[in-house]
Structure formats: structure tokens, C-alpha cells
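Okay, so here's the structure we're looking at.
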Amino acid sequence: MIVSHQGPDGDSLGSTLAFYHYLNNLGVKSTPIVPDPFPDFYKWLPGIDDLVIANLNTQLVSNVFDNSDLIICLDFNHSSRVGKMLENEIIKSKAPVLVIDHHTDPQHFSEYEVIDSNVSSTCQLLFKFICDNGDKNTIDINIAKCLYTGIITDTGSFKFSSVDYQTHDAASYLLSLGLNHSEIHDNIHDQNSLDKLHLLGHALKKIKVIQSISIAYLALSNTELKQFNYKKGDTEGLVNYCLSIKGVKTAVFLREDKEIIKISFRSKGAVKVNEFAKIYYGGGGHQNAAGAAAKGNLDLVTDELIENLNKFLV
């Protein structure tokens with residue numbers, strides 16, 4: 001079975017489905033699983049209809065765990081990243097676990113792991129994994145679409161500092177298979193609803209900048225999200241607008257989500273937002289892109305966040 005993290009994104013979905021197709025091509029039966037629903041703009045991915053959403057199919061998931069020979073964990077390196085139900089299934093399962101991931105500070109909860117935090121995305125790492133296995137010829141157009149999706153979404157379409165020549169080499173090979181890269185970009189970035197664009201306009205007006213510590217931040221409440229008929233994925237990329245402001249080196253986006261506040265961090269240069277997220281919120285990620293969560297009132301959490309950033313950055 002193949003498992004990825006909560007809040008499925010392009011890299012988690014891309015790597016999960018790419019591995020699913022890869023195993024199919026090898027004649028190995030597998031079940032791809034994500035903890036919760038994914039944004040609508042990924043519904044075109046090949047094999048997406050075979051993806052099992054765990055919180056909607058708990059009994060099926062339990063049966064799959066009971067009958068699995070191997071559990072493959074993609075795009076996360078802490079078992080808590082899949083939520084309590086799947087974490088418990090992984091812990092109690094007798095099947096060995098393989099982790100393939102590119103994030104820092106691994107928990108080392110598995111028997112086997114392929115982890116490299118210098119690689120831009122799990123999809124790039126998976127491309128190398130397949131090639132190192134001598135199975136490059138098994139990469140068909142379905143695998144190519146999935147891998148390319150993960151690579152472009154986790155690199156900001158090749159603009160992040162994590163991109164290296166091997167990232168472009170992987171993309172080049174995928175394009176050589178007949179991949180329509182412009183169609184994939186269109187499917188992901190150019191299928192906006194009017195509500196989403198109105199939410200974007202509202203959010204941009206709310207961005208605040210603190211020049212003394214070179215940060216920009218944005219906070220959205222549940223009430224504001226409901227006002228614009230928020231759907232999963234509608235706020236993806238908002239933190240990057242904060243980082244795009246001239247002179248800003250650190251960007252933060254806070255979103256009220258039921259009983260917690262989800263926080264996204266981005267930075268430029270030497271600012272290590274993964275360290276900040278880990279120290280103050282128990283979060284993590286990469287040096288220039290990280291995430292965390294906090295409990296409490298949105299305004300109070302935001303005020304405390306600014307205080308913590310003042311301590312960390314000065």
C-alpha cells in the first residue's frame with residue numbers, strides 16, 4: 001500500500017499516483033491512500049479515481065493494512081503527518097515500512113528509507129529511485145504526468161532555490177515522452193472559480209508588512225473563508241504573494257481551520273523558517289518553506305507569531 005500525508009498537495013498526490021502506476025507496470029498490486037480529500041484541480045491526474053480517501057473509507061483502509069506486505073510512505077517522514085487513524089494503522093501493522101521523502105529532521109520510524117532533503121521534491125526523488133532500480137523504461141505518460149505535477153508544484157514552477165540541474169534533467173526526460181507541460185500548468189493554475197479570485201482580491205488587501213524585520217503576513221478567518229465559498233485548495237499559493245513584495249525576506253500565511261490555525265512559512269536566502277516553525281510550533285519543512293499549526297484565537301495567535309518572529313529574526 002502507498003500512503004501520503006494530510007492535506008494532499010501536488011507532490012504528495014503526484015508521487016503517490018506515480019508509484020502506483022510504476023508498481024502496476026511491474027505487475028505489483030498496490031492501493032494508493034491519502035488521509036483526506038484533495039483540491040478539485042488535481043482531479044485530472046491519471047489514476048486519481050483509484051485513490052482511497054482514508055477518512056471516507058475507514059473499514060476498507062483497515063482491511064488493506066491487514067493484508068499488506070509493504071507500506072510505502074511518500075512525502076512525509078513523521079508518522080503523525082497522516083493523522084491519528086492512519087498513524088495507528090502503520091504502528092500496529094506487521095508489514096515493513098519504506099519512507100521516500102525530501103523533508104528535514106526525519107523521525108526514522110520505518111525499516112527502510114530513501115531520504116534526501118537536498119532534492120526539490122519527492123517526485124524528483126522518486127524519478128531517481130525508479131531510474132536507479134533500472135526501471136527507467138517503465139516510466140510511461142501516466143507516470144510522467146504525475147511526476148511532473150509534483151516537481152512543478154514543489155518548486156514553484158522551477159523558481160525555488162531547491163531546483164538543481166537534476167530537477168531539469170528529470171523534467172527534460174518526462175517531456176521527451178510526449179508530456180504536454182502547458183496542459184498540466186493550465187489544469188493546476190488556470191481553473192479558478194470566480195469565488196476563488198474574489199477571495200484572492202480580499203486576501204491581497206489584508207497583507208501587512210513589518211519593514212523592521214522584513215516580513216509580510218496574512219491571516220484569514222473561517223468567517224472570511226465562508227464569505228467567499230471557500231473550497232480546499234483556494235488559499236494555495238497565497239503565502240507566495242506575501243513573499244513577492246519588494247524587500248520582504250519572510251512571509252507567513254495563517255488560516256483558521258476548525259479548531260486550529262494552520263500556518264505556512266516562506267523565506268528567501270538564509271532565513272530558516274523550518275527552524276522557526278520547529279522551535280515555536282513543533283512544525284517543520286525546508287529552510288525556505290515550512291508549515292505548522294497552533295491552537296487558539298486567530299488574532300491572538302497572529303500577535304504571538306509576530307512577537308516570536310521579532311525574537312527569532314533580530
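In the C-alpha cells, each chain is lettered A, B, ... as it comes, each chain's residues begin at 1, and ligands are numbered from 1 in order of appearance.
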inquiry  = Just want the 9 Å neighbourhood of A:Tyr241, counted on only C-alpha atoms, with same-chain residues fewer than 5 positions away dropped. Output as a VMD selection string.
reply    = chain A and resid 204 207 251
Output N, CA and C atoms for every residue in that selection, as a CSV table (one decimal), in the first residue's frame.
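Output contents, as saved in result_17.csv:
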```
chain,number,residue,atom,x,y,z
A,204,LEU,N,-5.4,39.9,-0.7
A,204,LEU,CA,-4.3,40.8,-1.1
A,204,LEU,C,-4.4,42.1,-0.3
A,207,ILE,N,-2.8,41.9,3.4
A,207,ILE,CA,-1.4,41.7,3.6
A,207,ILE,C,-0.8,42.9,4.4
A,251,ALA,N,7.7,35.4,4.8
A,251,ALA,CA,6.3,35.5,4.6
A,251,ALA,C,5.6,34.5,5.4
```
ask   = If we count only C-alpha atoms, what is near A:His168 at a cut-off of 12 Å, once residues fewer than 5 positions away on the same chain are taken out, given as a ChimeraX atom specification?
value = /A:119-120,124,127,148,151-152,155,157-159,162-163,173-175
task = Between A:Ala216, A:Met1, A:Cys73, A:Val52, single out the one closest to A:Lys29, counting only C-alpha atoms.
result =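 So, comparing all the options, the nearest one is A:Met1.
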inquiry  = Please determine, counting only C-alpha atoms, which residue among A:Trp44, A:Asp36, A:Ser62, A:Asn137 has the shortest atom-to-atom distance to A:Tyr22.
reply    =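 Looking at the shortest contact to A:Tyr22, the residue is A:Asn137.
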With the cut-off set at 8 Å and counting only C-alpha atoms, tabulate each residue of stretch 104-216 of chain A with an atom at most that distance from an atom of stretch 38-41 of chain A, showing the nearest atom pair and its distance in Å to one decimal, ordered by chain and increasing number, as a tab-separated table.
```
residue	atom	partner	partner_atom	distance
A:Asn187	CA	A:Phe41	CA	6.4
A:Ile188	CA	A:Phe41	CA	5.5
A:Gln191	CA	A:Phe41	CA	6.9
```
query = Of the candidates A:Thr235, A:Ser12, A:Gln6, A:Ser172, which one gets nearest to A:Leu218 if we count only C-alpha atoms?
reply =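 Closest residue, counting only C-alpha atoms: A:Thr235.
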message = DSSP on the backbone: which residues in stretch 51-259 of chain A end up as strand (DSSP E or B)? Give the answer as a PyMOL selection string.
response = chain A and resi 52-53+71-74+97-101+112-115+208-210+215-220+250-257
Output C-alpha atoms for every residue in the selection just made, as a short mmCIF file (atom, residue, chain, number, x, y, z; two decimals), in the first residue's frame.
```cif
data_model
loop_
_atom_site.label_atom_id
_atom_site.label_comp_id
_atom_site.auth_asym_id
_atom_site.auth_seq_id
_atom_site.Cartn_x
_atom_site.Cartn_y
_atom_site.Cartn_z
CA VAL A 52 -8.69 5.83 -1.48
CA ILE A 53 -9.56 8.71 0.86
CA ILE A 71 3.70 0.05 3.47
CA ILE A 72 5.22 2.81 1.35
CA CYS A 73 5.13 6.29 2.90
CA LEU A 74 5.67 9.16 0.48
CA VAL A 97 7.60 0.33 6.11
CA LEU A 98 9.53 2.18 3.40
CA VAL A 99 9.77 6.00 3.54
CA ILE A 100 10.69 8.07 0.47
CA ASP A 101 10.86 11.75 1.30
CA TYR A 112 13.71 1.30 5.17
CA GLU A 113 14.09 4.88 3.97
CA VAL A 114 15.23 6.90 1.00
CA ILE A 115 15.51 10.46 2.30
CA LYS A 208 0.60 43.53 6.27
CA VAL A 209 4.31 44.32 6.17
CA ILE A 210 6.70 44.91 9.06
CA ILE A 215 8.27 40.21 6.97
CA ALA A 216 4.84 40.17 5.34
CA TYR A 217 1.91 38.26 6.76
CA LEU A 218 -1.72 37.49 6.05
CA ALA A 219 -4.42 35.97 8.25
CA LEU A 220 -7.84 34.72 7.14
CA THR A 250 9.98 36.17 5.34
CA ALA A 251 6.30 35.52 4.60
CA VAL A 252 3.58 33.95 6.73
CA PHE A 253 0.02 32.92 5.97
CA LEU A 254 -2.38 31.96 8.78
CA ARG A 255 -5.69 30.23 8.07
CA GLU A 256 -8.34 29.38 10.61
CA ASP A 257 -9.31 25.73 10.14
#
```
inquiry  = Which residues are near A:Asn229? Cut-off 12 Å, only C-alpha atoms, ignore same chain within fewer than 3 positions. Put them as a ChimeraX atom specification.
reply    = /A:193-199,222-226,232-235
Let me see the file: selected residues, C-alpha atoms, as a PDB file, in the first residue's frame.
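Full text of result_18.pdb as output:
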```
ATOM      1  CA  SER A 193     -13.605  29.896  -9.843  1.00  0.00           C
ATOM      2  CA  LEU A 194     -14.884  33.459  -9.547  1.00  0.00           C
ATOM      3  CA  ASP A 195     -15.217  32.939  -5.776  1.00  0.00           C
ATOM      4  CA  LYS A 196     -11.539  31.982  -5.554  1.00  0.00           C
ATOM      5  CA  LEU A 197     -10.482  35.116  -7.439  1.00  0.00           C
ATOM      6  CA  HIS A 198     -12.669  37.290  -5.204  1.00  0.00           C
ATOM      7  CA  LEU A 199     -11.058  35.631  -2.168  1.00  0.00           C
ATOM      8  CA  ASN A 222     -13.276  30.983   8.945  1.00  0.00           C
ATOM      9  CA  THR A 223     -15.879  33.727   8.568  1.00  0.00           C
ATOM     10  CA  GLU A 224     -13.922  35.330   5.734  1.00  0.00           C
ATOM     11  CA  LEU A 225     -13.403  31.994   4.004  1.00  0.00           C
ATOM     12  CA  LYS A 226     -17.110  31.157   4.166  1.00  0.00           C
ATOM     13  CA  LYS A 232      -9.992  23.075  -0.366  1.00  0.00           C
ATOM     14  CA  GLY A 233      -7.034  24.481  -2.291  1.00  0.00           C
ATOM     15  CA  ASP A 234      -8.432  28.005  -2.730  1.00  0.00           C
ATOM     16  CA  THR A 235      -5.748  29.537  -0.496  1.00  0.00           C
TER      17      THR A 235
END
```
query = If you count only C-alpha atoms, which residues fall within 8 Å of stretch 278-284 of chain A, apart from same-chain ones fewer than 3 positions away, as a list of chain:residue names?
reply =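 What passes the distance filter is A:Thr104, A:Asp105, A:Asn274, A:Glu275, A:Ala290, A:Gly291, A:Ala292, A:Ala293, A:Ala294, A:Asn308.
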Selection near stretch 176-185 of chain A, 8 Å with only C-alpha atoms, sequence-local residues under 3 positions removed, as a short mmCIF file (atom, residue, chain, number, x, y, z; two decimals) with N, CA and C atoms, in the first residue's frame:
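The result, written out as result_26.cif:
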```cif
data_model
loop_
_atom_site.label_atom_id
_atom_site.label_comp_id
_atom_site.auth_asym_id
_atom_site.auth_seq_id
_atom_site.Cartn_x
_atom_site.Cartn_y
_atom_site.Cartn_z
N ASP A 140 5.92 5.61 -18.15
CA ASP A 140 5.04 5.91 -19.27
C ASP A 140 4.45 7.31 -19.10
N ILE A 141 3.52 7.67 -19.97
CA ILE A 141 2.98 9.03 -19.95
C ILE A 141 2.19 9.31 -18.67
N ALA A 144 4.72 10.00 -16.04
CA ALA A 144 5.33 11.30 -16.37
C ALA A 144 4.46 12.46 -15.91
N LYS A 145 3.15 12.37 -16.16
CA LYS A 145 2.24 13.44 -15.75
C LYS A 145 2.25 13.63 -14.23
N THR A 149 3.87 16.89 -12.23
CA THR A 149 2.99 17.67 -11.34
C THR A 149 3.66 17.94 -10.00
N SER A 172 13.18 17.24 -18.25
CA SER A 172 13.51 17.09 -19.67
C SER A 172 13.17 15.69 -20.16
N TYR A 173 13.51 14.68 -19.36
CA TYR A 173 13.20 13.31 -19.76
C TYR A 173 11.69 13.10 -19.84
N ILE A 188 -3.64 22.97 -13.37
CA ILE A 188 -3.36 23.29 -11.97
C ILE A 188 -3.62 24.76 -11.64
N HIS A 189 -3.17 25.64 -12.52
CA HIS A 189 -3.15 27.07 -12.18
C HIS A 189 -4.25 27.91 -12.84
N ASP A 190 -4.86 27.41 -13.88
CA ASP A 190 -5.80 28.25 -14.64
C ASP A 190 -7.21 27.69 -14.69
#
```
query = Between atom CA of A:Ala18 and atom CA of A:Ile139, what is the spacing in Å?
reply = 8.8 Å
key: Which of stretch 102-157 of chain A fall in helix (DSSP H, G or I), as a ChimeraX atom specification   = /A:122-132,136-138,141-154
task = Compare A:Ala270, A:Cys123, A:Leu56, A:Cys131 by their minimum atom-to-atom distance to A:Leu147, counting only C-alpha atoms, and give me the closest one.
result =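 Result for the nearest residue to A:Leu147: A:Cys123.
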